[in-house]
Protein chains: 4
Amino acid sequence: MATYDELQIGDSASFTKTLSETDIYLFAGITGDLNPAHVDAVSAAGGMFKQRIAHGMLTASFISTVLAMKLPGPGTIYLSQNSQFRAPVFIGDTVTATVECVEKLDKRQWAKFKTTVVNQDGKLVVDGEAMVIPPSAAKA
Amino acid sequence: MATYDELQIGDSASFTKTLSETDIYLFAGITGDLNPAHVDAVSAAGGMFKQRIAHGMLTASFISTVLAMKLPGPGTIYLSQNSQFRAPVFIGDTVTATVECVEKLDKRQWAKFKTTVVNQDGKLVVDGEAMVIPPSAAKA
Amino acid sequence: MATYDELQIGDSASFTKTLSETDIYLFAGITGDLNPAHVDAVSAAGGMFKQRIAHGMLTASFISTVLAMKLPGPGTIYLSQNSQFRAPVFIGDTVTATVECVEKLDKRQWAKFKTTVVNQDGKLVVDGEAMVIPPSAAKA
Amino acid sequence: MATYDELQIGDSASFTKTLSETDIYLFAGITGDLNPAHVDAVSAAGGMFKQRIAHGMLTASFISTVLAMKLPGPGTIYLSQNSQFRAPVFIGDTVTATVECVEKLDKRQWAKFKTTVVNQDGKLVVDGEAMVIPPSAAKA
């Protein structure tokens, strides 16, 4: 965890998870996005990617995990997230979400992070940028 | 559902859900974001919002639901999503995600949507913009 | 089900389940234990066990299932559980949890059980001991 | 995270979660422990605790979370866990699991931890002890 003052440009942290069918189905159930691309294997087999894919917003959400749990960590206020969905994520893919501090806005005490998610082959699947308010004091 | 040609500037669609504790806990479990703000009622009671809040990316994900299920609908390719988290969403809040087509990029056949999520009081909780490729031909 | 008086030294009962990826992922989500050993197939492939493993406490929890559902059964009060994690459990393994009454403490009306979990090859994966208060009267 | 050499007697770490009905129901579903004490509100209302309670092994599992995610952290090998279930945990209770290193066994490079779970009132609900092999080298 890092407060605004402790946070340095270039600091980074990551979280990795192998995406299961369960992850995708629960995400579909919570959000109501039961698009055939995610939950219809027959339709997906005949589509662009030849198989079911994870929701882009599910993959992008691992960025939230890193920001909230690791850097800056608990106490962080999430102001915005921009995400470009670059490539599909399939069931069984192992994705790594990484955040890297790229700018500190001293007047407002905000911090900007470059946010990326890559798959097990290092291929960029989600690209983006987050703005947060780091915690004002370190907590356990 | 609407193909690129059928889609008109100003077209809009919505999806509404009451956020349950279950939604938030499952989202926490899928993503690994078990930040105290989401799953620790005692800590949250002493924090800025006085109670547990939903993950911003969970609330933002309902935009994905509208784009994928309603407008443009199944077959849409999601290119990007920008989200600003404007206000907290609490357990039991009823959020409505709305997308409205604001621009058509004829050369690339892309469409831009204004994307908003409001709570039961009409308060804006997530603001943003999405870029998508609408389906090229209508599907059932 | 057995009350304290009905319960005999040597009585035993079992429960068997094939561990799914879903079991492990839901357990990870509930507990917040998203250790790479459980949810990161790439990291696990390079680790000691060459693949993702179930949480030891998940496997051990099937003991609770047998005690609560079968022997002594509903109405049992669970006082303690000691577990030694002897060998890894992988996705797709079929584990059998068995409890066997090994001692009756007449003064307190407590019963001690030897508790074991084995995999489909009969290999001991969790070893241990439980102390319980059996139900005082049989219930349906 | 701490390797065996970095780990000091007295080092401790915690994890806190408000137990939801969802947590208890999913744990029941995964393990098959659908004891009336956990999932039958009518029966529980007439029982010793007057309401449904969490599974002892669910509450105890948060110890695994702290050991695996925080101290010693990723790479830790879990050898054993002893748990005494001291008091009931109800839906909505906020439990804090804490591990504290109490002994280092230099010959085997094992570490012993005192493990406790308390509720929001500081009441001890699970007491115990864990033995682990801390990671041999720090990982990200």
# chains A, B, ... in the order shown; residues from 1 in each chain; ligands from 1
$ closest_atom_pairs --of "region 49-104 of chain D" --to "region 10-16 of chain D" --cutoff "7 Å" --atoms "only C-alpha atoms" --output "Markdown table"
| residue | atom | partner | partner_atom | distance |
| --- | --- | --- | --- | --- |
| D:Val66 | CA | D:Ser14 | CA | 6.0 |
| D:Lys70 | CA | D:Ala13 | CA | 6.6 |
| D:Leu71 | CA | D:Ala13 | CA | 6.2 |
| D:Thr94 | CA | D:Thr16 | CA | 6.9 |
| D:Val95 | CA | D:Thr16 | CA | 5.6 |
| D:Thr96 | CA | D:Thr16 | CA | 4.2 |
| D:Ala97 | CA | D:Phe15 | CA | 5.4 |
| D:Thr98 | CA | D:Ser14 | CA | 4.3 |
| D:Val99 | CA | D:Ser12 | CA | 5.4 |
| D:Glu100 | CA | D:Ser12 | CA | 4.2 |
| D:Cys101 | CA | D:Gly10 | CA | 5.3 |
| D:Val102 | CA | D:Gly10 | CA | 6.2 |
$ residues_around --residues "Gln51 (chain A)" --least-positions-apart "6" --cutoff "9 Å" --atoms "only C-alpha atoms" --output "list in words"
Ala37, His38, Asp40, Ala41, Val42, Ser43, Ala44, Ala45, Phe90 and Ile91 of chain A
$ write_last_selection --atoms "N, CA, C and O atoms" --output "compact mmCIF listing (two decimals), in the first residue's frame"
# COMPACT_ATOMS: atom_id res chain seq x y z
N ALA A 37 -21.93 -14.44 -27.28
CA ALA A 37 -20.47 -14.51 -27.37
C ALA A 37 -19.85 -15.04 -26.07
O ALA A 37 -18.75 -15.59 -26.07
N HIS A 38 -20.59 -14.90 -24.96
CA HIS A 38 -20.07 -15.31 -23.66
C HIS A 38 -20.65 -16.64 -23.16
O HIS A 38 -19.99 -17.37 -22.44
N ASP A 40 -22.96 -18.86 -25.18
CA ASP A 40 -23.53 -19.79 -26.17
C ASP A 40 -22.38 -20.37 -27.01
O ASP A 40 -21.90 -19.75 -27.96
N ALA A 41 -21.95 -21.56 -26.63
CA ALA A 41 -20.77 -22.16 -27.26
C ALA A 41 -21.02 -22.49 -28.73
O ALA A 41 -20.11 -22.42 -29.56
N VAL A 42 -22.26 -22.83 -29.07
CA VAL A 42 -22.58 -23.18 -30.45
C VAL A 42 -22.49 -21.95 -31.34
O VAL A 42 -21.83 -21.95 -32.38
N SER A 43 -23.15 -20.89 -30.90
CA SER A 43 -23.11 -19.64 -31.66
C SER A 43 -21.68 -19.11 -31.73
O SER A 43 -21.22 -18.67 -32.79
N ALA A 44 -20.97 -19.20 -30.61
CA ALA A 44 -19.59 -18.68 -30.57
C ALA A 44 -18.68 -19.46 -31.53
O ALA A 44 -17.79 -18.90 -32.16
N ALA A 45 -18.95 -20.76 -31.65
CA ALA A 45 -18.12 -21.59 -32.55
C ALA A 45 -18.24 -21.12 -33.99
O ALA A 45 -17.30 -21.27 -34.79
N PHE A 90 -10.08 -15.94 -23.63
CA PHE A 90 -10.84 -17.19 -23.70
C PHE A 90 -10.85 -17.90 -22.34
O PHE A 90 -10.01 -17.63 -21.48
N ILE A 91 -11.79 -18.82 -22.19
CA ILE A 91 -11.84 -19.65 -20.99
C ILE A 91 -10.51 -20.39 -20.85
O ILE A 91 -10.03 -20.98 -21.82
$ interface_residues --of "chain D" --to "chain C" --cutoff "10 Å" --atoms "only C-alpha atoms" --output "MDAnalysis selection string"
chainID D and resid 15:17 19:20 22:24 26:37 47:48 55:70 73:87 126:131
$ select_by_dssp --residues "region 27-117 of chain D" --states "strand (DSSP E or B)" --output "ChimeraX atom specification"
/D:53,77-85,90,94-105,110-117
$ calpha_fit_rmsd --fixed "chain A" --moving "chain C"
0.1 Å
$ residues_around --residues "Leu105 (chain B)" --least-positions-apart "3" --cutoff "12 Å" --atoms "only C-alpha atoms" --output "list of chain:residue names"
B:Tyr4, B:Asp5, B:Leu7, B:Gln8, B:Ile9, B:Cys101, B:Val102, B:Arg108, B:Gln109, B:Trp110, B:Ala111, B:Lys112, B:Phe113, B:Met131, B:Val132, B:Ile133, B:Pro134
$ atom_distance --atom1 "CA of Ala2 (chain B)" --atom2 "CA of Pro135 (chain B)"
7.2 Å
$ atom_distance --atom1 "CA of Asn119 (chain B)" --atom2 "CA of Val39 (chain B)"
20.7 Å
$ select_by_dssp --residues "region 34-85 of chain C" --states "helix (DSSP H, G or I)" --output "list in words"
Pro36, Ala37, His38, Val39, Ala41, Val42, Ser43, Ala44, Ala45, Gly56, Met57, Leu58, Thr59, Ala60, Ser61, Phe62, Ile63, Ser64, Thr65, Val66, Leu67, Ala68 and Met69 of chain C
$ decode --residues "region 8-39 of chain C" --atoms "C-alpha atoms" --output "PDB file, in the first residue's frame"
ATOM      1  CA  GLN C   8     -20.516 -46.436  19.313  1.00  0.00           C
ATOM      2  CA  ILE C   9     -16.738 -46.453  19.148  1.00  0.00           C
ATOM      3  CA  GLY C  10     -15.854 -47.530  15.614  1.00  0.00           C
ATOM      4  CA  ASP C  11     -18.952 -46.028  13.983  1.00  0.00           C
ATOM      5  CA  SER C  12     -18.025 -44.256  10.785  1.00  0.00           C
ATOM      6  CA  ALA C  13     -19.493 -42.366   7.840  1.00  0.00           C
ATOM      7  CA  SER C  14     -18.201 -40.799   4.641  1.00  0.00           C
ATOM      8  CA  PHE C  15     -18.928 -38.213   1.964  1.00  0.00           C
ATOM      9  CA  THR C  16     -17.390 -38.163  -1.502  1.00  0.00           C
ATOM     10  CA  LYS C  17     -17.134 -35.340  -4.039  1.00  0.00           C
ATOM     11  CA  THR C  18     -15.195 -34.702  -7.210  1.00  0.00           C
ATOM     12  CA  LEU C  19     -13.527 -31.318  -6.754  1.00  0.00           C
ATOM     13  CA  SER C  20     -14.337 -28.969  -9.617  1.00  0.00           C
ATOM     14  CA  GLU C  21     -12.577 -25.810 -10.692  1.00  0.00           C
ATOM     15  CA  THR C  22     -15.811 -24.099  -9.697  1.00  0.00           C
ATOM     16  CA  ASP C  23     -15.546 -25.397  -6.116  1.00  0.00           C
ATOM     17  CA  ILE C  24     -12.052 -23.979  -5.826  1.00  0.00           C
ATOM     18  CA  TYR C  25     -12.908 -20.667  -7.473  1.00  0.00           C
ATOM     19  CA  LEU C  26     -16.004 -20.108  -5.335  1.00  0.00           C
ATOM     20  CA  PHE C  27     -14.051 -21.010  -2.191  1.00  0.00           C
ATOM     21  CA  ALA C  28     -11.344 -18.548  -3.260  1.00  0.00           C
ATOM     22  CA  GLY C  29     -13.975 -15.879  -3.792  1.00  0.00           C
ATOM     23  CA  ILE C  30     -15.733 -16.428  -0.469  1.00  0.00           C
ATOM     24  CA  THR C  31     -12.568 -16.495   1.600  1.00  0.00           C
ATOM     25  CA  GLY C  32     -10.468 -14.042  -0.372  1.00  0.00           C
ATOM     26  CA  ASP C  33      -7.697 -16.611  -0.723  1.00  0.00           C
ATOM     27  CA  LEU C  34      -6.806 -16.039  -4.379  1.00  0.00           C
ATOM     28  CA  ASN C  35      -3.296 -17.350  -3.887  1.00  0.00           C
ATOM     29  CA  PRO C  36      -1.641 -18.102  -7.262  1.00  0.00           C
ATOM     30  CA  ALA C  37      -1.407 -21.766  -6.224  1.00  0.00           C
ATOM     31  CA  HIS C  38      -5.202 -21.897  -6.509  1.00  0.00           C
ATOM     32  CA  VAL C  39      -6.143 -19.518  -9.330  1.00  0.00           C
TER      33      VAL C  39
END
